[in-house]
Amino acid sequence: MQVASAAWGIAFLIDAVARVVMASALPIDSVPSLGVVVLAVLLGKAQTLVTVHGRRSGALALLRDRG
C-alpha cells in the first residue's frame, strides 16, 4: 500500500510541476491538450509500477485468493 500511495502521489506531483512549467513556457492554447497527454503517461506509468510491485510482492495473489 505504501508503494502504491507513493507512486500515485509522485505521479500527481510531477503532473502539477509539469503543468506549471508548461503554462509558463508554452503558448496558452497548447497547454490543455499537452497536459492531458502528460497526465495519461504518468498515470500509465504509476499503474504499471503498482501492478509490477503487486505481482512481485505477492499482494495481487493474496487479493485474488480472498475473493
# chains A, B, ... in the order shown; residues from 1 in each chain; ligands from 1
call {"tool": "residues_around", "arguments": {"residues": "Ala46 (chain A)", "least_positions_apart": "2", "cutoff": "10 Å", "atoms": "only C-alpha atoms", "output": "PyMOL selection string"}}
result
chain A and resi 3-12+40-44+48-52
call {"tool": "closest_residue", "arguments": {"among": "A:Leu60, A:Asp15, A:Val21, A:His53", "to": "Val36 (chain A)", "atoms": "only C-alpha atoms"}}
result
A:Asp15
call {"tool": "closest_residue", "arguments": {"among": "A:Ser30, A:Gly54, A:Ala25, A:Val37", "to": "Gln2 (chain A)", "atoms": "only C-alpha atoms"}}
result
A:Gly54
call {"tool": "closest_residue", "arguments": {"among": "A:Lys45, A:Ser57, A:Asp65, A:Ile14", "to": "Met1 (chain A)", "atoms": "only C-alpha atoms"}}
result
A:Ser57
call {"tool": "closest_residue", "arguments": {"among": "A:Leu13, A:Ala18, A:Leu63, A:Gly58", "to": "Val38 (chain A)", "atoms": "only C-alpha atoms"}}
result
A:Ala18
call {"tool": "closest_residue", "arguments": {"among": "A:Arg55, A:Met22, A:Pro27, A:Ala16", "to": "Leu39 (chain A)", "atoms": "only C-alpha atoms"}}
result
A:Ala16
call {"tool": "atom_distance", "arguments": {"atom1": "CA of Pro32 (chain A)", "atom2": "CA of Gln47 (chain A)"}}
result
22.4 Å
